[in-house]
Structures are given as structure tokens and as C-alpha cells.
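A.B. asks: The file below is run_13.cif, mmCIF, C-alpha atoms:
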```cif
data_data
#
loop_
_atom_site.label_atom_id
_atom_site.label_comp_id
_atom_site.auth_asym_id
_atom_site.auth_seq_id
_atom_site.Cartn_x
_atom_site.Cartn_y
_atom_site.Cartn_z
CA MET D 1 46.06 178.67 -74.41
CA ALA D 2 48.94 176.67 -72.89
CA GLU D 3 49.61 173.33 -74.49
CA ASP D 4 50.20 170.08 -72.63
CA LEU D 5 53.22 168.08 -73.69
CA VAL D 6 53.91 164.35 -73.37
CA LEU D 7 57.48 163.96 -72.16
CA ASP D 8 59.45 161.05 -73.54
CA THR D 9 60.92 158.69 -70.96
CA ALA D 10 64.23 158.89 -72.80
CA ILE D 11 64.49 162.56 -71.77
CA ARG D 12 64.19 161.46 -68.15
CA ASP D 13 66.82 158.75 -68.60
CA TRP D 14 69.32 160.68 -70.74
CA VAL D 15 68.81 164.31 -69.71
CA LEU D 16 67.11 164.77 -66.32
CA ILE D 17 68.80 162.03 -64.29
CA PRO D 18 72.33 162.43 -65.77
CA LEU D 19 72.22 166.19 -65.29
CA SER D 20 71.19 165.85 -61.65
CA VAL D 21 73.80 163.17 -60.94
CA VAL D 22 76.56 165.21 -62.59
CA MET D 23 75.65 168.31 -60.58
CA VAL D 24 75.84 166.34 -57.31
CA LEU D 25 79.17 164.72 -58.25
CA ILE D 26 80.66 168.05 -59.30
CA GLY D 27 79.57 169.62 -56.01
CA VAL D 28 81.16 166.82 -53.98
CA LEU D 29 84.34 166.95 -56.08
CA ARG D 30 84.56 170.72 -55.69
CA TYR D 31 84.24 170.35 -51.93
CA PHE D 32 87.24 168.03 -51.68
CA VAL D 33 89.27 170.11 -54.15
CA SER D 34 88.57 173.20 -52.04
CA LYS D 35 89.74 171.36 -48.93
CA LEU D 36 92.98 170.35 -50.67
CA MET D 37 93.61 173.88 -51.93
CA ARG D 38 92.91 175.47 -48.57
CA THR D 39 96.04 176.53 -46.74
CA SER D 40 96.20 175.73 -43.04
CA GLN D 41 96.61 178.91 -41.01
CA LEU D 42 96.76 179.37 -37.28
CA PRO D 43 94.01 181.69 -36.02
CA ASP D 44 95.09 185.20 -35.10
CA ALA D 45 95.24 185.54 -31.31
CA LYS D 46 94.17 189.18 -31.49
CA ILE D 47 91.03 188.37 -33.50
CA ILE D 48 90.14 185.56 -31.08
CA LYS D 49 90.60 187.88 -28.10
CA GLU D 50 88.41 190.58 -29.67
CA GLY D 51 85.73 188.01 -30.44
CA GLN D 52 85.71 186.80 -26.84
CA VAL D 53 85.45 190.39 -25.61
CA ILE D 54 82.43 190.97 -27.86
CA ILE D 55 80.74 187.81 -26.52
CA ARG D 56 81.35 188.86 -22.91
CA ALA D 57 80.00 192.35 -23.58
CA ARG D 58 76.86 190.89 -25.15
CA ASN D 59 76.35 188.65 -22.12
CA LEU D 60 76.69 191.70 -19.90
CA ARG D 61 74.02 193.55 -21.88
CA ALA D 62 71.70 190.55 -21.78
CA ALA D 63 72.06 190.00 -18.00
CA ALA D 64 72.48 193.63 -16.95
CA ASN D 65 69.33 193.71 -14.84
CA PHE D 66 70.34 190.67 -12.78
CA ILE D 67 73.35 192.34 -11.11
CA PRO D 68 73.39 195.39 -8.78
CA ALA D 69 73.74 198.84 -10.28
CA LYS D 70 77.21 199.35 -8.78
CA ALA D 71 78.51 196.11 -10.28
CA PHE D 72 77.00 196.93 -13.65
CA ARG D 73 78.60 200.39 -13.70
CA ALA D 74 81.99 198.90 -12.84
CA ARG D 75 81.74 196.32 -15.62
CA LYS D 76 80.44 198.90 -18.05
CA LEU D 77 83.37 201.19 -17.28
CA TYR D 78 85.74 198.26 -17.73
CA TYR D 79 84.47 197.78 -21.29
CA THR D 80 83.66 201.30 -22.45
CA ASN D 81 86.33 203.42 -20.78
CA GLU D 82 87.76 205.93 -23.27
CA ASP D 83 91.30 205.44 -21.99
CA ASN D 84 91.81 201.69 -21.72
CA GLY D 85 88.38 200.09 -22.18
CA LEU D 86 88.31 196.72 -23.91
CA LEU D 87 85.73 197.91 -26.44
CA HIS D 88 87.37 201.25 -27.16
CA VAL D 89 89.25 201.36 -30.48
CA PRO D 90 91.37 204.48 -31.10
CA LYS D 91 90.76 206.16 -34.43
CA GLY D 92 94.30 205.60 -35.66
CA GLN D 93 94.23 201.86 -34.90
CA ALA D 94 91.09 200.94 -36.84
CA GLN D 95 91.96 198.26 -39.39
CA ASN D 96 90.87 198.37 -42.99
CA PRO D 97 89.82 194.82 -43.98
CA GLN D 98 90.74 195.42 -47.63
CA ALA D 99 94.23 196.59 -46.71
CA GLN D 100 94.57 193.67 -44.31
CA MET D 101 93.68 191.23 -47.07
CA PHE D 102 96.14 192.68 -49.57
CA SER D 103 98.88 192.85 -46.93
CA ASP D 104 98.46 189.13 -46.21
CA PRO D 105 99.27 187.14 -49.38
CA ASN D 106 97.87 183.92 -47.92
CA MET D 107 94.46 185.50 -47.41
CA ALA D 108 94.38 186.87 -50.95
CA MET D 109 95.53 183.52 -52.36
CA ASP D 110 92.84 181.63 -50.42
CA MET D 111 90.14 183.95 -51.74
CA MET D 112 91.40 183.52 -55.30
CA LYS D 113 91.45 179.73 -54.94
CA LYS D 114 87.91 179.68 -53.58
CA ASN D 115 86.64 181.85 -56.42
CA LEU D 116 88.42 179.73 -59.03
CA SER D 117 87.08 176.51 -57.51
CA MET D 118 83.58 177.93 -57.97
CA ILE D 119 83.86 179.72 -61.34
CA ILE D 120 85.75 177.10 -63.38
CA PRO D 121 83.45 174.11 -62.63
CA GLN D 122 80.34 176.23 -63.16
CA THR D 123 81.61 177.56 -66.49
CA LEU D 124 82.52 174.10 -67.79
CA THR D 125 79.26 172.55 -66.57
CA PHE D 126 77.15 175.31 -68.11
CA ALA D 127 78.99 174.94 -71.44
CA TRP D 128 78.40 171.17 -71.31
CA VAL D 129 74.70 171.59 -70.55
CA ASN D 130 74.28 174.29 -73.20
CA PHE D 131 75.99 172.15 -75.86
CA PHE D 132 74.41 168.75 -75.24
CA PHE D 133 71.04 169.48 -73.59
CA SER D 134 69.96 172.83 -75.03
CA GLY D 135 66.30 173.03 -76.04
CA PHE D 136 65.03 170.02 -74.07
CA VAL D 137 61.90 170.12 -71.92
CA ALA D 138 63.23 168.04 -69.07
CA ALA D 139 60.50 167.95 -66.41
CA LYS D 140 57.13 169.22 -65.30
CA ILE D 141 56.28 170.68 -61.92
CA PRO D 142 53.15 168.98 -60.51
CA PHE D 143 51.33 172.21 -59.59
CA PRO D 144 50.29 175.31 -61.57
CA LEU D 145 52.43 178.43 -61.66
CA THR D 146 51.95 182.01 -62.79
CA GLN D 147 53.53 183.60 -65.85
CA ARG D 148 56.21 185.26 -63.73
CA PHE D 149 57.99 181.90 -63.40
CA ARG D 150 58.30 181.39 -67.17
CA SER D 151 61.65 183.15 -67.55
CA MET D 152 63.06 181.18 -64.62
CA LEU D 153 61.76 177.72 -65.55
CA GLN D 154 61.91 177.85 -69.35
CA ASN D 155 65.32 179.37 -70.02
CA GLY D 156 66.34 178.50 -73.57
CA ILE D 157 62.82 177.74 -74.83
CA ASP D 158 61.07 180.54 -76.71
CA LEU D 159 57.55 179.11 -76.81
CA SER D 160 54.87 181.17 -75.13
CA THR D 161 52.23 178.48 -75.73
CA VAL D 162 53.93 175.94 -73.44
CA ASP D 163 52.54 175.73 -69.93
CA VAL D 164 54.65 177.45 -67.25
CA SER D 165 54.99 174.28 -65.18
CA TYR D 166 57.35 172.70 -67.74
CA VAL D 167 61.06 173.05 -66.96
CA SER D 168 63.77 173.30 -69.59
CA SER D 169 67.11 171.53 -69.27
CA ARG D 170 69.00 174.80 -68.82
CA SER D 171 66.62 175.92 -66.07
CA TRP D 172 66.95 172.51 -64.44
CA TYR D 173 70.71 173.12 -64.31
CA PHE D 174 70.21 176.41 -62.47
CA LEU D 175 67.68 174.86 -60.10
CA ASN D 176 70.22 172.18 -59.20
CA LEU D 177 72.99 174.74 -58.92
CA PHE D 178 71.21 176.81 -56.27
CA GLY D 179 68.89 174.16 -54.81
CA LEU D 180 71.23 171.37 -53.72
CA ARG D 181 72.38 173.08 -50.55
CA GLY D 182 70.27 170.85 -48.31
CA LEU D 183 71.51 167.69 -50.01
CA PHE D 184 75.14 168.77 -49.70
CA SER D 185 74.56 169.56 -46.03
CA LEU D 186 73.37 165.98 -45.50
CA ILE D 187 76.24 164.46 -47.48
CA LEU D 188 79.12 166.72 -46.49
CA GLY D 189 77.90 168.30 -43.26
CA GLU D 190 76.78 171.81 -42.42
CA GLU D 191 80.23 173.37 -42.95
CA ASN D 192 80.70 172.57 -46.63
CA ALA D 193 82.28 174.60 -49.41
CA THR D 194 79.55 174.07 -52.03
CA ASP D 195 77.09 176.81 -51.05
CA ASP D 196 77.27 178.87 -54.24
CA THR D 197 74.75 181.45 -53.06
CA GLN D 198 76.80 182.28 -49.99
CA ARG D 199 80.03 182.17 -52.00
CA MET D 200 78.71 184.72 -54.50
CA MET D 201 77.71 187.01 -51.66
CA GLN D 202 81.19 186.69 -50.14
CA MET D 203 82.93 187.55 -53.42
CA SER D 204 81.99 191.20 -52.97
CA GLY D 205 83.37 191.37 -49.40
CA PHE D 206 86.92 191.48 -48.16
CA GLY D 207 86.80 190.05 -44.66
CA PHE D 208 85.73 190.82 -41.14
CA ASP D 209 86.38 194.20 -39.52
CA PRO D 210 86.61 193.69 -35.73
CA SER D 211 86.86 197.41 -34.99
CA LYS D 212 83.29 197.97 -36.26
CA SER D 213 81.96 195.16 -34.07
CA LEU D 214 83.78 196.52 -31.03
CA GLY D 215 82.41 200.01 -31.68
CA ALA D 216 78.87 198.72 -32.18
CA GLU D 217 79.03 196.72 -28.95
CA LYS D 218 80.39 199.75 -27.10
CA ASP D 219 77.47 201.86 -28.33
CA GLY D 220 75.07 199.13 -27.26
CA LEU D 221 76.48 199.10 -23.73
CA ASP D 222 76.36 202.90 -23.51
CA ILE D 223 72.61 203.03 -24.11
CA VAL D 224 71.66 200.22 -21.71
CA GLN D 225 69.29 201.44 -18.97
CA HIS D 226 69.97 199.43 -15.82
CA ASP D 227 66.97 198.28 -13.78
CA TRP D 228 67.78 195.71 -11.10
CA VAL D 229 64.98 193.18 -11.00
CA LEU D 230 66.10 190.99 -8.08
CA PRO D 231 64.73 193.20 -5.27
CA LYS D 232 61.31 193.07 -6.91
CA PHE D 233 61.15 189.28 -6.73
CA GLU D 234 60.12 189.31 -3.08
CA GLU D 235 57.30 191.73 -3.81
CA ARG D 236 56.13 189.58 -6.73
CA ALA D 237 56.27 186.41 -4.61
CA GLU D 238 54.31 188.11 -1.83
CA ALA D 239 51.70 189.31 -4.31
CA VAL D 240 51.33 185.81 -5.78
CA LEU D 241 50.98 184.20 -2.33
CA ARG D 242 48.33 186.73 -1.28
CA LYS D 243 46.45 186.08 -4.50
CA ARG D 244 46.53 182.33 -3.90
CA LEU D 245 45.44 182.59 -0.27
CA SER D 246 42.63 185.06 -0.89
#
```
Please re-express this file's structure in C-alpha cells.
C.D. replies:
Amino acid sequence: MAEDLVLDTAIRDWVLIPLSVVMVLIGVLRYFVSKLMRTSQLPDAKIIKEGQVIIRARNLRAAANFIPAKAFRARKLYYTNEDNGLLHVPKGQAQNPQAQMFSDPNMAMDMMKKNLSMIIPQTLTFAWVNFFFSGFVAAKIPFPLTQRFRSMLQNGIDLSTVDVSYVSSRSWYFLNLFGLRGLFSLILGEENATDDTQRMMQMSGFGFDPSKSLGAEKDGLDIVQHDWVLPKFEERAEAVLRKRLS
């Protein structure tokens, strides 16, 4: 049977609160360090142009039924023509995002700086937590949980008799590490550099490949079935008026 523990107030004052405050301060500090380490680069005109073309093609797909068939075919040919269409990418001109990153030293350096600004503070903070606060039961969640949450909430405590709702100091560190995104968004704004979950997902990628987006948008335009809805509005209005008058 799970045992109930009485948590000392000193654990709250010297473990729970300091750990939370340190995690917030480190996140804010890492945000400003990342801004200082970030190199200012002018946006590539070609990438901006391709992005605008993709947006215009999506608007054409969304509003295809509100223009005549002849106008839609002309616009569709303008985008998807195999010779000089805006969405057509020749096979030999497709860019490899990995090769593009390694050919641009600034892009590779920025990625390395971002990864270092995430890995080094996390490593030092985890070593600090593991050295000073290892083995503490720091908090208790005010609702019952199943046994599946034990490995997540009681990392560093090998006691199966303790109730699952108790949180160890090491688990509290991980909860703060991945759960402070909303707080950082309020403090630093939506576009902040402290989202560790998104950063870890980006570490396995090497950039944006515009040729794939252009090809996908071209395929989307090719399969659009045009059905002009404007001529049917008069029939619908006449049907509604007859229904009201009858």
C-alpha cells in the first residue's frame, strides 16, 4: 500500500522554490545569450520570392471556384507550366538543404551556437540538481495518478511504497525544463529561444527545402476540380425567395 509522507517546509523553501527560480532565470539568460550570439543575416530574396509564390498558389486553390473556368485555367497554367511555370522546379535545380547548410558557414555556425546555448546550460543545471538536490521528495500533486507516472515523477527515488503523486527533485527539474514554455511566452513573447522541445526536434533537421514545397503546391493545383459557384447564386436566391413567399 502506498505511504503518505509529510513534507517538511524546509524542502519547499530550500529545494522546490530555488529550483524553480533558477530554471526561470537560466531560461531568460539563455534567451538573451542566444540573441547576442545570433548573427544578423539579410533574408535571401529567392527564398522570399518562392514563399510568396506558394502563398499565391494556395490562395488560388482556396478561391478557385469563385473565378470563371477560363481565368482559372490561365492562372493554373501560369503556375504549373512545365516550361516556365512558377511552381515548376527542374530536376537538376532542386536544392539539397544539407548541402546548402554546409556550403553556408554562417548557417552552420548559427546552428552550432543554438545547440551549444541549449546543451551547456542544461548539462550544468542537471549536474547542479543531481549533486545538491538528489533524493529529495520536493512536492505532491493534488490528485491521484496511475502507476505509469511513477518513472516520470519519481526519478531518482527507488521506493515503490511511496504514492505516485509525490514528485522528486530530479523529476521537478525535468517538469520545469519542458513545462515553462507558457511562462517564457508571457515573459519574453511568443518568438523566444527557450523552447527546448522545439529545439530538440530541430536538431535532427537541416533547414527548409523550398523545392519540395513548390512541387507539393504544384501537385495540389493539378488535382483541383474547378466548379464555378457564382452562376448558381441566382438559382439559390430564387429558391430561397420562393420558399419564403410560399
A.B. asks: Rank D:Leu19, D:Ile54, D:Leu7, D:Ile120 by their smallest atom-to-atom distance to Arg170 in chain D, using all atoms listed in the file, and report the top residue only.
C.D. replies: D:Leu19
A.B. asks: May I have the residues at most 7 Å from (61.5, 174.0, -62.4) in the file's coordinates, counting all atoms listed in the file, as a list of chain:residue names?
C.D. replies: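 Residues with an atom at most 7 Å from (61.5, 174.0, -62.4): D:Ile141, D:Leu153, D:Tyr166, D:Val167, D:Ser171, D:Trp172, D:Leu175.
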A.B. asks: Can you translate the PyMOL selection byres ((chain D and resi 72) around 12) into the concrete residues it hits in this file, as an NGL selection string?
C.D. replies: :D and (57 or 59-71 or 73-80 or 221-222 or 224-228)
A.B. asks: Could you save the residues just selected, with C-alpha atoms, as a CSV table (one decimal), in the frame of the given file?
C.D. replies:
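Generated output (selection.csv):
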```
chain,number,residue,atom,x,y,z
D,57,ALA,CA,80.0,192.4,-23.6
D,59,ASN,CA,76.4,188.6,-22.1
D,60,LEU,CA,76.7,191.7,-19.9
D,61,ARG,CA,74.0,193.6,-21.9
D,62,ALA,CA,71.7,190.6,-21.8
D,63,ALA,CA,72.1,190.0,-18.0
D,64,ALA,CA,72.5,193.6,-17.0
D,65,ASN,CA,69.3,193.7,-14.8
D,66,PHE,CA,70.3,190.7,-12.8
D,67,ILE,CA,73.4,192.3,-11.1
D,68,PRO,CA,73.4,195.4,-8.8
D,69,ALA,CA,73.7,198.8,-10.3
D,70,LYS,CA,77.2,199.4,-8.8
D,71,ALA,CA,78.5,196.1,-10.3
D,73,ARG,CA,78.6,200.4,-13.7
D,74,ALA,CA,82.0,198.9,-12.8
D,75,ARG,CA,81.7,196.3,-15.6
D,76,LYS,CA,80.4,198.9,-18.0
D,77,LEU,CA,83.4,201.2,-17.3
D,78,TYR,CA,85.7,198.3,-17.7
D,79,TYR,CA,84.5,197.8,-21.3
D,80,THR,CA,83.7,201.3,-22.4
D,221,LEU,CA,76.5,199.1,-23.7
D,222,ASP,CA,76.4,202.9,-23.5
D,224,VAL,CA,71.7,200.2,-21.7
D,225,GLN,CA,69.3,201.4,-19.0
D,226,HIS,CA,70.0,199.4,-15.8
D,227,ASP,CA,67.0,198.3,-13.8
D,228,TRP,CA,67.8,195.7,-11.1
```
A.B. asks: Distance cut-off 6 Å, centre (86.1, 201.3, -29.7) in file coordinates, counting only C-alpha atoms: which residues qualify? Return them as a VMD selection string.
C.D. replies: chain D and resid 87 to 89 214 to 215
A.B. asks: With C-alpha atoms kept, could you save the residues just selected as a PDB file, in the coordinates of the input?
C.D. replies:
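Below you can see part.pdb, which holds the result:
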```pdb
ATOM      1  CA  LEU D  87      85.730 197.910 -26.440  1.00  0.00           C
ATOM      2  CA  HIS D  88      87.370 201.250 -27.160  1.00  0.00           C
ATOM      3  CA  VAL D  89      89.250 201.360 -30.480  1.00  0.00           C
ATOM      4  CA  LEU D 214      83.780 196.520 -31.030  1.00  0.00           C
ATOM      5  CA  GLY D 215      82.410 200.010 -31.680  1.00  0.00           C
TER       6      GLY D 215
END
```
A.B. asks: Translate the PyMOL selection byres ((chain D and resi 162) around 8) into a concrete residue list for this structure, as JSON, numbers by chain.
C.D. replies: {"D": [2, 3, 4, 5, 159, 160, 161, 163, 164, 166]}
A.B. asks: Using the chain letters and residue numbers of this document, give as a PyMOL selection string the residues selected by the PyMOL selection byres ((chain D and resi 14-17) around 9).
C.D. replies: chain D and resi 9-13+18-22+133+136+138-139+169+172
A.B. asks: If you measure from CA of Gln147 in chain D to CA of Phe126 in chain D, what distance in Å do you get, rounded to one decimal?
C.D. replies: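 Going from CA of Gln147 in chain D over to CA of Phe126 in chain D covers 25.1 Å.
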A.B. asks: Rounded to one decimal, what separation in Å do you get between CA of Val24 in chain D and CA of Leu145 in chain D?
C.D. replies: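 Answer for the CA of Val24 in chain D to CA of Leu145 in chain D separation: 26.7 Å.
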A.B. asks: State, in Å with one decimal place, the distance from CA of Thr123 in chain D to CA of Lys140 in chain D.
C.D. replies: 25.9 Å
